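Here is the file query-v9.cif (mmCIF, C-alpha atoms and all ligand atoms; chains and numbers go by the auth columns).
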data_final
loop_
_atom_site.group_PDB
_atom_site.id
_atom_site.type_symbol
_atom_site.label_atom_id
_atom_site.label_comp_id
_atom_site.label_asym_id
_atom_site.label_seq_id
_atom_site.Cartn_x
_atom_site.Cartn_y
_atom_site.Cartn_z
_atom_site.B_iso_or_equiv
_atom_site.auth_seq_id
_atom_site.auth_asym_id
ATOM 1 C CA MET A 1 6.374 0.203 -7.414 0.00 414 A
ATOM 2 C CA PRO A 2 2.999 -0.817 -5.985 0.00 415 A
ATOM 3 C CA GLU A 3 2.348 -4.516 -5.561 0.00 416 A
ATOM 4 C CA ILE A 4 -1.231 -5.809 -5.681 0.00 417 A
ATOM 5 C CA THR A 5 -1.980 -9.345 -4.517 0.00 418 A
ATOM 6 C CA ILE A 6 -5.374 -11.023 -4.792 0.00 419 A
ATOM 7 C CA ASN A 7 -5.541 -13.463 -1.914 0.00 420 A
ATOM 8 C CA ALA A 8 -7.463 -16.684 -2.376 0.00 421 A
ATOM 9 C CA ASN A 9 -10.677 -16.429 -0.339 0.00 422 A
ATOM 10 C CA GLY A 10 -9.585 -13.094 1.148 0.00 423 A
ATOM 11 C CA PRO A 11 -8.830 -9.444 0.512 0.00 424 A
ATOM 12 C CA ILE A 12 -6.861 -7.635 -2.155 0.00 425 A
ATOM 13 C CA LEU A 13 -3.545 -6.550 -0.638 0.00 426 A
ATOM 14 C CA ILE A 14 -1.827 -3.414 -1.874 0.00 427 A
ATOM 15 C CA SER A 15 1.740 -2.770 -0.767 0.00 428 A
ATOM 16 C CA THR A 16 3.319 0.526 -1.708 0.00 429 A
ATOM 17 C CA GLU A 17 5.190 3.540 -0.424 0.00 430 A
ATOM 18 C CA GLU A 18 2.503 5.926 -1.626 0.00 431 A
ATOM 19 C CA LEU A 19 -1.177 5.330 -2.199 0.00 432 A
ATOM 20 C CA THR A 20 -4.257 7.513 -2.462 0.00 433 A
ATOM 21 C CA LEU A 21 -7.654 5.851 -2.219 0.00 434 A
ATOM 22 C CA LYS A 22 -10.687 7.830 -3.367 0.00 435 A
ATOM 23 C CA ALA A 23 -14.417 7.238 -2.970 0.00 436 A
ATOM 24 C CA ASN A 24 -16.715 7.498 -5.986 0.00 437 A
ATOM 25 C CA ASP A 25 -17.442 11.138 -5.043 0.00 438 A
ATOM 26 C CA GLY A 26 -13.733 11.935 -5.318 0.00 439 A
ATOM 27 C CA SER A 27 -13.144 12.353 -1.592 0.00 440 A
ATOM 28 C CA GLU A 28 -9.992 10.816 -0.203 0.00 441 A
ATOM 29 C CA ILE A 29 -10.403 7.800 2.083 0.00 442 A
ATOM 30 C CA PRO A 30 -7.915 7.914 4.970 0.00 443 A
ATOM 31 C CA LEU A 31 -5.623 4.908 4.914 0.00 444 A
ATOM 32 C CA PRO A 32 -4.502 2.850 7.876 0.00 445 A
ATOM 33 C CA LYS A 33 -0.910 3.366 8.983 0.00 446 A
ATOM 34 C CA GLY A 34 1.710 1.230 7.301 0.00 447 A
ATOM 35 C CA ARG A 35 2.729 0.315 3.793 0.00 448 A
ATOM 36 C CA ALA A 36 0.049 -2.293 3.070 0.00 449 A
ATOM 37 C CA VAL A 37 -3.701 -1.972 2.653 0.00 450 A
ATOM 38 C CA ALA A 38 -6.218 -4.848 2.520 0.00 451 A
ATOM 39 C CA LEU A 39 -9.365 -4.114 0.512 0.00 452 A
ATOM 40 C CA CYS A 40 -12.486 -6.181 1.159 0.00 453 A
ATOM 41 C CA ARG A 41 -13.911 -8.152 -1.724 0.00 454 A
ATOM 42 C CA CYS A 42 -16.335 -10.383 0.184 0.00 455 A
ATOM 43 C CA GLY A 43 -18.728 -7.518 0.968 0.00 456 A
ATOM 44 C CA GLN A 44 -19.054 -8.410 4.663 0.00 457 A
ATOM 45 C CA SER A 45 -16.547 -6.030 6.268 0.00 458 A
ATOM 46 C CA ASP A 46 -17.798 -3.458 8.765 0.00 459 A
ATOM 47 C CA MET A 47 -14.784 -1.314 7.793 0.00 460 A
ATOM 48 C CA LYS A 48 -15.394 -1.089 4.016 0.00 461 A
ATOM 49 C CA PRO A 49 -13.519 -0.560 1.849 0.00 462 A
ATOM 50 C CA PHE A 50 -10.988 -2.256 4.145 0.00 463 A
ATOM 51 C CA CYS A 51 -10.928 -5.916 5.147 0.00 464 A
ATOM 52 C CA ASP A 52 -11.733 -6.606 8.796 0.00 465 A
ATOM 53 C CA GLY A 53 -11.346 -10.383 8.609 0.00 466 A
ATOM 54 C CA SER A 54 -15.073 -11.058 8.152 0.00 467 A
ATOM 55 C CA HIS A 55 -14.341 -13.092 5.007 0.00 468 A
ATOM 56 C CA LYS A 56 -13.271 -15.967 7.267 0.00 469 A
ATOM 57 C CA ALA A 57 -16.539 -16.056 9.231 0.00 470 A
ATOM 58 C CA CYS A 58 -18.748 -15.754 6.150 0.00 471 A
ATOM 59 C CA GLY A 59 -16.866 -18.463 4.270 0.00 472 A
ATOM 60 C CA PHE A 60 -16.028 -16.264 1.288 0.00 473 A
ATOM 61 C CA GLU A 61 -14.640 -18.220 -1.641 0.00 474 A
ATOM 62 C CA HIS A 62 -13.210 -16.449 -4.643 0.00 475 A
ATOM 63 C CA ASP A 63 -13.799 -17.510 -8.221 0.00 476 A
ATOM 64 C CA PRO A 64 -10.380 -18.825 -9.343 0.00 477 A
ATOM 65 C CA SER A 65 -11.212 -17.973 -12.949 0.00 478 A
ATOM 66 C CA THR A 66 -11.215 -14.242 -12.125 0.00 479 A
ATOM 67 C CA ALA A 67 -7.726 -14.037 -10.661 0.00 480 A
HETATM 68 S S1 LIG B . -12.276 -9.708 2.222 0.00 501 A
HETATM 69 FE FE1 LIG B . -11.850 -9.610 4.322 0.00 501 A
HETATM 70 S S2 LIG B . -13.643 -8.818 5.210 0.00 501 A
HETATM 71 FE FE2 LIG B . -14.090 -8.936 3.109 0.00 501 A
#

In structure tokens, what does this structure look like?
Ligand code: FES
Amino acid sequence: MPEITINANGPILISTEELTLKANDGSEIPLPKGRAVALCRCGQSDMKPFCDGSHKACGFEHDPSTA
């Protein structure tokens, strides 16, 4: 079963055996190797939709009322 974790001040982590990620045009986005994927939610990553750690440098702070 997939597990989705919203990290405080960081990415959304998805851990699963199988996952398909699609762009809004329906094309499949290749996933990094491994069983976990980190999706950017700060908007600063140079590897969107994946987190590249830029949330730390930009000081991203999540809204605790949303998750
Ligand atoms: S959440 Fe990590 S780079 Fe955006």

(request) Could you report the residues within 12 Å of ligand LIG 501 (chain A), using only C-alpha atoms and all ligand atoms, as a PyMOL selection string? (result) chain A and resi 419-426+450-475

(message) I'd like the residues picked by the PyMOL selection byres (((chain A and resi 415) around 6) and not hetatm) written out as number ranges by chain, using the chain letters and numbers from the file.
(response) A: 414, 416, 428-429

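Between CA of Ala449 (chain A) and CA of Asp476 (chain A) lies a distance of 23.5 Å.
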
(request) State, in Å with one decimal place, the distance from CA of Thr418 (chain A) to CA of Lys446 (chain A). (result)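 Going from CA of Thr418 (chain A) over to CA of Lys446 (chain A) covers 18.6 Å.
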
(request) Quote the spacing between CA of Glu431 (chain A) and CA of Gly447 (chain A) in Å to one decimal place. (result)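 Spanning CA of Glu431 (chain A) to CA of Gly447 (chain A) is a straight-line distance of 10.1 Å.
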
(message) Excluding Leu432 (chain A) and its own-chain neighbours fewer than 5 positions away, which residues fall within 9 Å of it when counting all atoms listed in the file? Please give them as a PyMOL selection string.
(response) chain A and resi 415+427+444+448

Taking N, CA, C and O atoms as the atom set, what does region 434-456 of chain A look like once completed, written as a PDB file, in the coordinates of the input?
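Result written to rebuild-v3.pdb:
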ATOM      1  N   LEU A 434      -6.421   6.586  -1.951  1.00  0.00           N
ATOM      2  CA  LEU A 434      -7.654   5.851  -2.219  1.00  0.00           C
ATOM      3  C   LEU A 434      -8.805   6.843  -2.203  1.00  0.00           C
ATOM      4  O   LEU A 434      -8.959   7.603  -1.240  1.00  0.00           O
ATOM      5  N   LYS A 435      -9.592   6.870  -3.277  1.00  0.00           N
ATOM      6  CA  LYS A 435     -10.687   7.830  -3.367  1.00  0.00           C
ATOM      7  C   LYS A 435     -12.026   7.134  -3.493  1.00  0.00           C
ATOM      8  O   LYS A 435     -12.146   6.097  -4.157  1.00  0.00           O
ATOM      9  N   ALA A 436     -13.042   7.714  -2.861  1.00  0.00           N
ATOM     10  CA  ALA A 436     -14.417   7.238  -2.970  1.00  0.00           C
ATOM     11  C   ALA A 436     -14.978   7.667  -4.322  1.00  0.00           C
ATOM     12  O   ALA A 436     -14.364   8.474  -5.041  1.00  0.00           O
ATOM     13  N   ASN A 437     -16.161   7.163  -4.671  1.00  0.00           N
ATOM     14  CA  ASN A 437     -16.715   7.498  -5.986  1.00  0.00           C
ATOM     15  C   ASN A 437     -17.099   8.961  -6.103  1.00  0.00           C
ATOM     16  O   ASN A 437     -17.286   9.470  -7.206  1.00  0.00           O
ATOM     17  N   ASP A 438     -17.182   9.691  -4.974  1.00  0.00           N
ATOM     18  CA  ASP A 438     -17.442  11.138  -5.043  1.00  0.00           C
ATOM     19  C   ASP A 438     -16.155  11.949  -5.114  1.00  0.00           C
ATOM     20  O   ASP A 438     -16.189  13.173  -5.106  1.00  0.00           O
ATOM     21  N   GLY A 439     -15.015  11.267  -5.179  1.00  0.00           N
ATOM     22  CA  GLY A 439     -13.733  11.935  -5.318  1.00  0.00           C
ATOM     23  C   GLY A 439     -13.062  12.264  -3.997  1.00  0.00           C
ATOM     24  O   GLY A 439     -11.919  12.701  -3.980  1.00  0.00           O
ATOM     25  N   SER A 440     -13.754  12.062  -2.891  1.00  0.00           N
ATOM     26  CA  SER A 440     -13.144  12.353  -1.592  1.00  0.00           C
ATOM     27  C   SER A 440     -12.108  11.288  -1.252  1.00  0.00           C
ATOM     28  O   SER A 440     -12.244  10.122  -1.626  1.00  0.00           O
ATOM     29  N   GLU A 441     -11.071  11.724  -0.553  1.00  0.00           N
ATOM     30  CA  GLU A 441      -9.992  10.816  -0.203  1.00  0.00           C
ATOM     31  C   GLU A 441     -10.364  10.000   1.031  1.00  0.00           C
ATOM     32  O   GLU A 441     -10.862  10.539   2.014  1.00  0.00           O
ATOM     33  N   ILE A 442     -10.129   8.693   0.962  1.00  0.00           N
ATOM     34  CA  ILE A 442     -10.403   7.800   2.083  1.00  0.00           C
ATOM     35  C   ILE A 442      -9.111   7.666   2.872  1.00  0.00           C
ATOM     36  O   ILE A 442      -8.090   7.238   2.323  1.00  0.00           O
ATOM     37  N   PRO A 443      -9.140   8.046   4.163  1.00  0.00           N
ATOM     38  CA  PRO A 443      -7.915   7.914   4.970  1.00  0.00           C
ATOM     39  C   PRO A 443      -7.473   6.463   5.043  1.00  0.00           C
ATOM     40  O   PRO A 443      -8.286   5.561   5.205  1.00  0.00           O
ATOM     41  N   LEU A 444      -6.175   6.260   4.913  1.00  0.00           N
ATOM     42  CA  LEU A 444      -5.623   4.908   4.914  1.00  0.00           C
ATOM     43  C   LEU A 444      -5.080   4.547   6.283  1.00  0.00           C
ATOM     44  O   LEU A 444      -4.611   5.423   7.018  1.00  0.00           O
ATOM     45  N   PRO A 445      -5.131   3.269   6.629  1.00  0.00           N
ATOM     46  CA  PRO A 445      -4.502   2.850   7.876  1.00  0.00           C
ATOM     47  C   PRO A 445      -3.002   3.076   7.795  1.00  0.00           C
ATOM     48  O   PRO A 445      -2.433   3.162   6.706  1.00  0.00           O
ATOM     49  N   LYS A 446      -2.361   3.182   8.946  1.00  0.00           N
ATOM     50  CA  LYS A 446      -0.910   3.366   8.983  1.00  0.00           C
ATOM     51  C   LYS A 446      -0.215   2.129   8.423  1.00  0.00           C
ATOM     52  O   LYS A 446      -0.713   1.013   8.540  1.00  0.00           O
ATOM     53  N   GLY A 447       0.941   2.353   7.821  1.00  0.00           N
ATOM     54  CA  GLY A 447       1.710   1.230   7.301  1.00  0.00           C
ATOM     55  C   GLY A 447       1.801   1.298   5.792  1.00  0.00           C
ATOM     56  O   GLY A 447       1.298   2.221   5.160  1.00  0.00           O
ATOM     57  N   ARG A 448       2.476   0.315   5.232  1.00  0.00           N
ATOM     58  CA  ARG A 448       2.729   0.315   3.793  1.00  0.00           C
ATOM     59  C   ARG A 448       1.864  -0.674   3.048  1.00  0.00           C
ATOM     60  O   ARG A 448       2.030  -0.858   1.857  1.00  0.00           O
ATOM     61  N   ALA A 449       0.921  -1.336   3.738  1.00  0.00           N
ATOM     62  CA  ALA A 449       0.049  -2.293   3.070  1.00  0.00           C
ATOM     63  C   ALA A 449      -1.397  -2.012   3.439  1.00  0.00           C
ATOM     64  O   ALA A 449      -1.699  -1.624   4.561  1.00  0.00           O
ATOM     65  N   VAL A 450      -2.271  -2.180   2.467  1.00  0.00           N
ATOM     66  CA  VAL A 450      -3.701  -1.972   2.653  1.00  0.00           C
ATOM     67  C   VAL A 450      -4.421  -3.223   2.165  1.00  0.00           C
ATOM     68  O   VAL A 450      -4.068  -3.776   1.128  1.00  0.00           O
ATOM     69  N   ALA A 451      -5.422  -3.683   2.918  1.00  0.00           N
ATOM     70  CA  ALA A 451      -6.218  -4.848   2.520  1.00  0.00           C
ATOM     71  C   ALA A 451      -7.625  -4.364   2.194  1.00  0.00           C
ATOM     72  O   ALA A 451      -8.321  -3.829   3.054  1.00  0.00           O
ATOM     73  N   LEU A 452      -8.031  -4.527   0.949  1.00  0.00           N
ATOM     74  CA  LEU A 452      -9.365  -4.114   0.512  1.00  0.00           C
ATOM     75  C   LEU A 452     -10.305  -5.313   0.498  1.00  0.00           C
ATOM     76  O   LEU A 452      -9.978  -6.371  -0.041  1.00  0.00           O
ATOM     77  N   CYS A 453     -11.487  -5.118   1.078  1.00  0.00           N
ATOM     78  CA  CYS A 453     -12.486  -6.181   1.159  1.00  0.00           C
ATOM     79  C   CYS A 453     -13.037  -6.493  -0.227  1.00  0.00           C
ATOM     80  O   CYS A 453     -13.309  -5.598  -1.021  1.00  0.00           O
ATOM     81  N   ARG A 454     -13.210  -7.757  -0.500  1.00  0.00           N
ATOM     82  CA  ARG A 454     -13.911  -8.152  -1.724  1.00  0.00           C
ATOM     83  C   ARG A 454     -14.999  -9.167  -1.445  1.00  0.00           C
ATOM     84  O   ARG A 454     -15.641  -9.661  -2.359  1.00  0.00           O
ATOM     85  N   CYS A 455     -15.247  -9.464  -0.147  1.00  0.00           N
ATOM     86  CA  CYS A 455     -16.335 -10.383   0.184  1.00  0.00           C
ATOM     87  C   CYS A 455     -17.641  -9.631   0.434  1.00  0.00           C
ATOM     88  O   CYS A 455     -18.707 -10.223   0.422  1.00  0.00           O
ATOM     89  N   GLY A 456     -17.544  -8.335   0.727  1.00  0.00           N
ATOM     90  CA  GLY A 456     -18.728  -7.518   0.968  1.00  0.00           C
ATOM     91  C   GLY A 456     -19.243  -7.547   2.387  1.00  0.00           C
ATOM     92  O   GLY A 456     -20.249  -6.924   2.696  1.00  0.00           O
TER      93      GLY A 456
END
